[in-house]
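Have a look at run-v1.pdb; it's PDB, C-alpha atoms, pLDDT in the B column:
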```pdb
ATOM      1  CA  MET A   1       0.000   0.000   0.000  1.00 38.00           C
ATOM      2  CA  SER A   2       1.401   3.407  -0.903  1.00 37.00           C
ATOM      3  CA  VAL A   3       0.699   6.356   1.318  1.00 37.00           C
ATOM      4  CA  GLY A   4       1.935   9.871   1.623  1.00 39.00           C
ATOM      5  CA  GLY A   5       2.749  12.563  -0.872  1.00 40.00           C
ATOM      6  CA  PRO A   6       3.198  12.656  -4.628  1.00 41.00           C
ATOM      7  CA  ALA A   7       4.821   9.820  -6.532  1.00 44.00           C
ATOM      8  CA  GLY A   8       4.299   7.375  -3.648  1.00 49.00           C
ATOM      9  CA  ASP A   9       7.266   8.636  -1.613  1.00 77.00           C
ATOM     10  CA  GLU A  10       6.079   6.631   1.405  1.00 89.00           C
ATOM     11  CA  ARG A  11       4.895   3.024   1.603  1.00 91.00           C
ATOM     12  CA  ALA A  12       3.566   1.179   4.625  1.00 95.00           C
ATOM     13  CA  TRP A  13       2.619  -2.438   5.255  1.00 94.00           C
ATOM     14  CA  CYS A  14       1.246  -4.385   8.188  1.00 94.00           C
ATOM     15  CA  VAL A  15       0.825  -8.105   8.724  1.00 95.00           C
ATOM     16  CA  MET A  16      -0.464 -10.165  11.630  1.00 96.00           C
ATOM     17  CA  VAL A  17       1.523 -13.356  12.181  1.00 96.00           C
ATOM     18  CA  PRO A  18       1.070 -16.246  14.609  1.00 97.00           C
ATOM     19  CA  HIS A  19       2.732 -15.958  18.016  1.00 96.00           C
ATOM     20  CA  HIS A  20       4.739 -19.022  17.064  1.00 93.00           C
ATOM     21  CA  ALA A  21       8.087 -19.736  15.394  1.00 90.00           C
ATOM     22  CA  ARG A  22       6.430 -19.928  11.971  1.00 92.00           C
ATOM     23  CA  GLY A  23       5.270 -16.329  12.524  1.00 92.00           C
ATOM     24  CA  ALA A  24       8.868 -15.130  12.282  1.00 89.00           C
ATOM     25  CA  ARG A  25       9.317 -16.926   8.961  1.00 92.00           C
ATOM     26  CA  LEU A  26       6.067 -15.507   7.600  1.00 94.00           C
ATOM     27  CA  ALA A  27       7.044 -11.980   8.653  1.00 93.00           C
ATOM     28  CA  ARG A  28      10.500 -12.245   7.038  1.00 93.00           C
ATOM     29  CA  HIS A  29       9.081 -13.534   3.750  1.00 94.00           C
ATOM     30  CA  ARG A  30       6.357 -10.908   3.595  1.00 95.00           C
ATOM     31  CA  LEU A  31       8.754  -8.071   4.433  1.00 95.00           C
ATOM     32  CA  ALA A  32      11.270  -9.264   1.843  1.00 95.00           C
ATOM     33  CA  GLY A  33       8.584  -9.622  -0.830  1.00 95.00           C
ATOM     34  CA  GLU A  34       7.188  -6.147  -0.245  1.00 94.00           C
ATOM     35  CA  LEU A  35      10.506  -4.310   0.126  1.00 94.00           C
ATOM     36  CA  SER A  36      12.717  -6.005  -2.475  1.00 93.00           C
ATOM     37  CA  PRO A  37      11.405  -3.899  -5.381  1.00 92.00           C
ATOM     38  CA  VAL A  38      11.662  -0.713  -3.313  1.00 89.00           C
ATOM     39  CA  VAL A  39      14.970  -0.636  -1.388  1.00 92.00           C
ATOM     40  CA  SER A  40      18.599  -1.615  -1.927  1.00 92.00           C
ATOM     41  CA  ALA A  41      19.697  -5.187  -1.323  1.00 93.00           C
ATOM     42  CA  GLU A  42      21.796  -4.046   1.657  1.00 94.00           C
ATOM     43  CA  LEU A  43      18.900  -2.257   3.368  1.00 95.00           C
ATOM     44  CA  LEU A  44      16.645  -5.227   2.639  1.00 95.00           C
ATOM     45  CA  ALA A  45      19.111  -7.675   4.233  1.00 95.00           C
ATOM     46  CA  ASP A  46      19.426  -5.509   7.348  1.00 96.00           C
ATOM     47  CA  ALA A  47      15.632  -5.065   7.590  1.00 96.00           C
ATOM     48  CA  VAL A  48      15.041  -8.819   7.326  1.00 95.00           C
ATOM     49  CA  ALA A  49      17.632  -9.510  10.042  1.00 94.00           C
ATOM     50  CA  VAL A  50      16.174  -6.829  12.331  1.00 96.00           C
ATOM     51  CA  SER A  51      12.606  -8.032  11.851  1.00 95.00           C
ATOM     52  CA  ALA A  52      13.672 -11.624  12.543  1.00 93.00           C
ATOM     53  CA  GLU A  53      15.256 -10.571  15.833  1.00 93.00           C
ATOM     54  CA  LEU A  54      12.290  -8.419  16.910  1.00 95.00           C
ATOM     55  CA  VAL A  55       9.681 -11.057  16.045  1.00 95.00           C
ATOM     56  CA  GLY A  56      11.791 -13.802  17.623  1.00 93.00           C
ATOM     57  CA  ASN A  57      12.068 -11.776  20.832  1.00 92.00           C
ATOM     58  CA  ALA A  58       8.305 -11.163  20.865  1.00 94.00           C
ATOM     59  CA  ILE A  59       7.653 -14.882  20.482  1.00 94.00           C
ATOM     60  CA  ARG A  60      10.174 -15.898  23.164  1.00 91.00           C
ATOM     61  CA  HIS A  61       9.627 -13.207  25.770  1.00 92.00           C
ATOM     62  CA  ALA A  62       6.202 -11.559  25.362  1.00 95.00           C
ATOM     63  CA  ARG A  63       2.533 -12.410  25.405  1.00 96.00           C
ATOM     64  CA  SER A  64       0.575 -12.413  22.181  1.00 96.00           C
ATOM     65  CA  LEU A  65      -2.037  -9.902  21.110  1.00 96.00           C
ATOM     66  CA  PRO A  66      -5.668 -11.092  21.179  1.00 96.00           C
ATOM     67  CA  GLY A  67      -6.067 -13.896  18.655  1.00 96.00           C
ATOM     68  CA  ASP A  68      -2.618 -15.349  19.487  1.00 97.00           C
ATOM     69  CA  VAL A  69      -0.869 -13.043  16.987  1.00 97.00           C
ATOM     70  CA  ILE A  70       1.907 -10.460  16.723  1.00 96.00           C
ATOM     71  CA  ARG A  71       1.590  -7.355  14.553  1.00 96.00           C
ATOM     72  CA  VAL A  72       4.528  -6.598  12.269  1.00 96.00           C
ATOM     73  CA  ALA A  73       4.502  -3.267  10.453  1.00 96.00           C
ATOM     74  CA  TRP A  74       7.019  -1.458   8.333  1.00 96.00           C
ATOM     75  CA  ARG A  75       7.159   1.880   6.595  1.00 96.00           C
ATOM     76  CA  VAL A  76       9.668   3.124   4.061  1.00 94.00           C
ATOM     77  CA  ARG A  77       9.950   6.654   2.791  1.00 92.00           C
ATOM     78  CA  ALA A  78      12.302   8.648   0.633  1.00 89.00           C
ATOM     79  CA  VAL A  79      13.998  11.510   2.424  1.00 86.00           C
ATOM     80  CA  GLY A  80      16.492  13.402   0.325  1.00 85.00           C
ATOM     81  CA  GLY A  81      18.784  10.816  -1.210  1.00 85.00           C
ATOM     82  CA  ASP A  82      18.044   8.171   1.428  1.00 89.00           C
ATOM     83  CA  HIS A  83      15.447   5.536   2.170  1.00 91.00           C
ATOM     84  CA  GLN A  84      14.317   5.591   5.782  1.00 94.00           C
ATOM     85  CA  LEU A  85      12.723   2.379   7.011  1.00 96.00           C
ATOM     86  CA  GLU A  86      10.964   1.669  10.290  1.00 97.00           C
ATOM     87  CA  VAL A  87      10.121  -1.866  11.399  1.00 97.00           C
ATOM     88  CA  ARG A  88       7.701  -2.155  14.345  1.00 97.00           C
ATOM     89  CA  VAL A  89       6.698  -5.359  16.150  1.00 96.00           C
ATOM     90  CA  THR A  90       3.733  -5.140  18.518  1.00 96.00           C
ATOM     91  CA  ASP A  91       2.952  -7.846  21.054  1.00 97.00           C
ATOM     92  CA  GLY A  92       0.916  -8.178  24.234  1.00 95.00           C
ATOM     93  CA  GLY A  93       3.775  -7.033  26.438  1.00 93.00           C
ATOM     94  CA  ALA A  94       6.232  -8.728  28.728  1.00 90.00           C
ATOM     95  CA  PRO A  95       6.982  -8.476  32.438  1.00 87.00           C
ATOM     96  CA  GLU A  96      10.364  -6.890  31.652  1.00 85.00           C
ATOM     97  CA  THR A  97      10.993  -4.028  29.196  1.00 83.00           C
ATOM     98  CA  PRO A  98      13.190  -5.166  26.287  1.00 78.00           C
ATOM     99  CA  HIS A  99      16.808  -4.094  26.738  1.00 68.00           C
ATOM    100  CA  GLN A 100      20.173  -4.977  25.300  1.00 69.00           C
ATOM    101  CA  ARG A 101      22.005  -7.475  27.495  1.00 71.00           C
ATOM    102  CA  GLU A 102      25.661  -8.062  28.127  1.00 73.00           C
ATOM    103  CA  VAL A 103      26.401 -11.705  27.327  1.00 63.00           C
ATOM    104  CA  ALA A 104      29.419 -13.942  27.693  1.00 61.00           C
ATOM    105  CA  LEU A 105      31.298 -15.020  24.582  1.00 66.00           C
ATOM    106  CA  ASP A 106      30.099 -18.602  25.027  1.00 62.00           C
ATOM    107  CA  SER A 107      26.414 -17.706  25.553  1.00 59.00           C
ATOM    108  CA  VAL A 108      24.064 -19.318  23.065  1.00 58.00           C
ATOM    109  CA  ASP A 109      21.472 -16.520  23.157  1.00 62.00           C
ATOM    110  CA  GLY A 110      20.903 -12.968  24.336  1.00 55.00           C
ATOM    111  CA  ARG A 111      22.409 -11.159  21.365  1.00 64.00           C
ATOM    112  CA  GLY A 112      19.199 -10.184  19.548  1.00 73.00           C
ATOM    113  CA  LEU A 113      19.018  -6.529  20.535  1.00 85.00           C
ATOM    114  CA  ALA A 114      22.799  -6.163  20.116  1.00 84.00           C
ATOM    115  CA  ILE A 115      22.275  -7.243  16.507  1.00 87.00           C
ATOM    116  CA  VAL A 116      19.404  -4.758  16.156  1.00 90.00           C
ATOM    117  CA  SER A 117      21.632  -2.015  17.651  1.00 89.00           C
ATOM    118  CA  ALA A 118      24.419  -2.823  15.210  1.00 90.00           C
ATOM    119  CA  LEU A 119      22.183  -2.752  12.119  1.00 93.00           C
ATOM    120  CA  ALA A 120      19.702   0.013  12.986  1.00 95.00           C
ATOM    121  CA  ASP A 121      20.218   3.759  13.300  1.00 95.00           C
ATOM    122  CA  SER A 122      18.058   3.645  16.445  1.00 95.00           C
ATOM    123  CA  TRP A 123      15.567   1.411  18.236  1.00 95.00           C
ATOM    124  CA  GLY A 124      13.193   1.713  21.151  1.00 95.00           C
ATOM    125  CA  VAL A 125      10.087   0.517  22.952  1.00 95.00           C
ATOM    126  CA  ASP A 126       6.639   2.117  23.110  1.00 94.00           C
ATOM    127  CA  ARG A 127       3.962   0.907  25.523  1.00 92.00           C
ATOM    128  CA  ASP A 128       0.225   1.516  25.311  1.00 85.00           C
ATOM    129  CA  GLY A 129      -2.941  -0.077  26.661  1.00 80.00           C
ATOM    130  CA  LEU A 130      -2.670  -3.001  24.241  1.00 79.00           C
ATOM    131  CA  GLY A 131       0.914  -4.019  24.922  1.00 88.00           C
ATOM    132  CA  GLN A 132       4.278  -2.943  23.623  1.00 95.00           C
ATOM    133  CA  SER A 133       5.895  -2.140  20.310  1.00 96.00           C
ATOM    134  CA  VAL A 134       9.586  -2.555  19.718  1.00 96.00           C
ATOM    135  CA  TRP A 135      10.730  -0.531  16.722  1.00 97.00           C
ATOM    136  CA  ALA A 136      13.921  -0.028  14.777  1.00 97.00           C
ATOM    137  CA  ARG A 137      14.809   2.651  12.233  1.00 97.00           C
ATOM    138  CA  LEU A 138      17.241   1.956   9.430  1.00 96.00           C
ATOM    139  CA  SER A 139      18.422   4.050   6.506  1.00 93.00           C
ATOM    140  CA  ALA A 140      20.469   3.665   3.351  1.00 91.00           C
ATOM    141  CA  PRO A 141      21.123   5.629   0.176  1.00 87.00           C
ATOM    142  CA  ARG A 142      18.390   5.274  -2.434  1.00 79.00           C
ATOM    143  CA  LEU A 143      19.226   3.628  -5.709  1.00 66.00           C
ATOM    144  CA  THR A 144      17.732   4.950  -8.918  1.00 48.00           C
ATOM    145  CA  VAL A 145      17.054   1.368 -10.055  1.00 44.00           C
ATOM    146  CA  PRO A 146      15.676  -1.194  -7.547  1.00 46.00           C
ATOM    147  CA  ALA A 147      18.257  -3.774  -6.465  1.00 46.00           C
ATOM    148  CA  ARG A 148      16.816  -6.796  -8.323  1.00 47.00           C
ATOM    149  CA  ARG A 149      16.407  -4.865 -11.575  1.00 44.00           C
ATOM    150  CA  ALA A 150      19.879  -3.329 -11.250  1.00 41.00           C
ATOM    151  CA  ALA A 151      21.449  -6.793 -10.986  1.00 44.00           C
ATOM    152  CA  SER A 152      19.688  -8.009 -14.130  1.00 40.00           C
ATOM    153  CA  VAL A 153      20.494  -4.775 -16.029  1.00 37.00           C
ATOM    154  CA  HIS A 154      24.161  -5.152 -15.053  1.00 38.00           C
ATOM    155  CA  SER A 155      24.318  -8.805 -16.099  1.00 40.00           C
ATOM    156  CA  ASP A 156      22.564  -8.027 -19.430  1.00 43.00           C
ATOM    157  CA  SER A 157      24.993  -5.211 -20.267  1.00 40.00           C
ATOM    158  CA  HIS A 158      27.958  -7.390 -19.222  1.00 43.00           C
ATOM    159  CA  SER A 159      26.837 -10.269 -21.450  1.00 42.00           C
ATOM    160  CA  ARG A 160      26.354  -7.904 -24.420  1.00 43.00           C
ATOM    161  CA  ALA A 161      29.861  -6.512 -23.938  1.00 45.00           C
ATOM    162  CA  SER A 162      31.416  -9.990 -24.071  1.00 42.00           C
TER     163      SER A 162
END
```
Represent the structure of the file as structure tokens.
Amino acid sequence: MSVGGPAGDERAWCVMVPHHARGARLARHRLAGELSPVVSAELLADAVAVSAELVGNAIRHARSLPGDVIRVAWRVRAVGGDHQLEVRVTDGGAPETPHQREVALDSVDGRGLAIVSALADSWGVDRDGLGQSVWARLSAPRLTVPARRAASVHSDSHSRAS
């Protein structure tokens, strides 16, 4: 769905996924399908990794929304020469506010929000009467040709030059 000003400079999507491990897979696939024609491959890879961590944390640590679901929303907009992307995962809340943990080198988990911190420009938590939303904002330079099309254009021109 496109929203915003002229020429569709902002796009937003929302999907409800099961509060179950398959929900994370569904969210990743939907996000990748919607964003791949719009953003660079690098921003897409970071957004998929961030959404996987946020949805995984919601499944492991938080209650579901009514209907045993989690809401995953994302919005991308062009600002100057950049794409700005926000990913937001809303769940039924948890006893403890999400925070980045210090973990030992041999720990098998606990690195999710460190990964989000490394990939995102910023992240945070909003609480309301329904539960909590954990969001992350990412940005990257806009390409004039979407990533998938650019790869095929490059390979076509390379094969013609040979």
Ground truth for the PyMOL selection byres ((chain A and resi 61) around 10), written as a list in words: Val55, Gly56, Asn57, Ala58, Ile59, Arg60, Ala62, Arg63, Ser64, Asp91, Gly93, Ala94, Pro95, Glu96, Thr97 and Pro98 of chain A
What does the PyMOL selection byres ((chain A and resi 119) around 10) select in this file, as an MDAnalysis selection string? chainID A and resid 43 45:47 49:50 113:118 120:123 136:139
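Distance annotation: of A:Asp126, A:Glu53, A:Glu42, A:Asp82, the residue with the minimal separation from A:Ala21 is A:Glu53; atom set is all atoms listed in the file.
Take atom CA of A:Gln84 and atom CA of A:Val69: the distance between them is 26.5 Å.
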In terms of the shortest atom-to-atom distance over all atoms listed in the file, which of A:Arg22, A:Arg77, A:Arg11, A:Arg71 is closest to A:Glu34? A:Arg11
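Take the candidates A:Gly81, A:Val76, A:Ile70, A:Gln132 and check each one against A:Pro37 using only C-alpha atoms; the shortest distance goes to A:Val76.
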Shell around A:Arg88 at 7 Å using all atoms listed in the file, local window under 4 positions removed, as a ChimeraX atom specification: /A:72-74,133-136
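The coordinates place atom CA of A:Pro66 at 14.5 Å from atom CA of A:Asp128.
Using all atoms listed in the file for every distance, the candidate list A:Asp68, A:Glu102, A:Ser36, A:Leu130 yields A:Ser36 as the residue closest to A:Val48.
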Just the number, please: distance in Å from atom CA of A:Gly129 to atom CA of A:His29, one decimal. 29.2 Å
Given the choices A:Ala12, A:Leu54, A:Ala41, A:Val125, which gets closest to A:Arg75 if the distance is worked out from all atoms listed in the file? A:Ala12
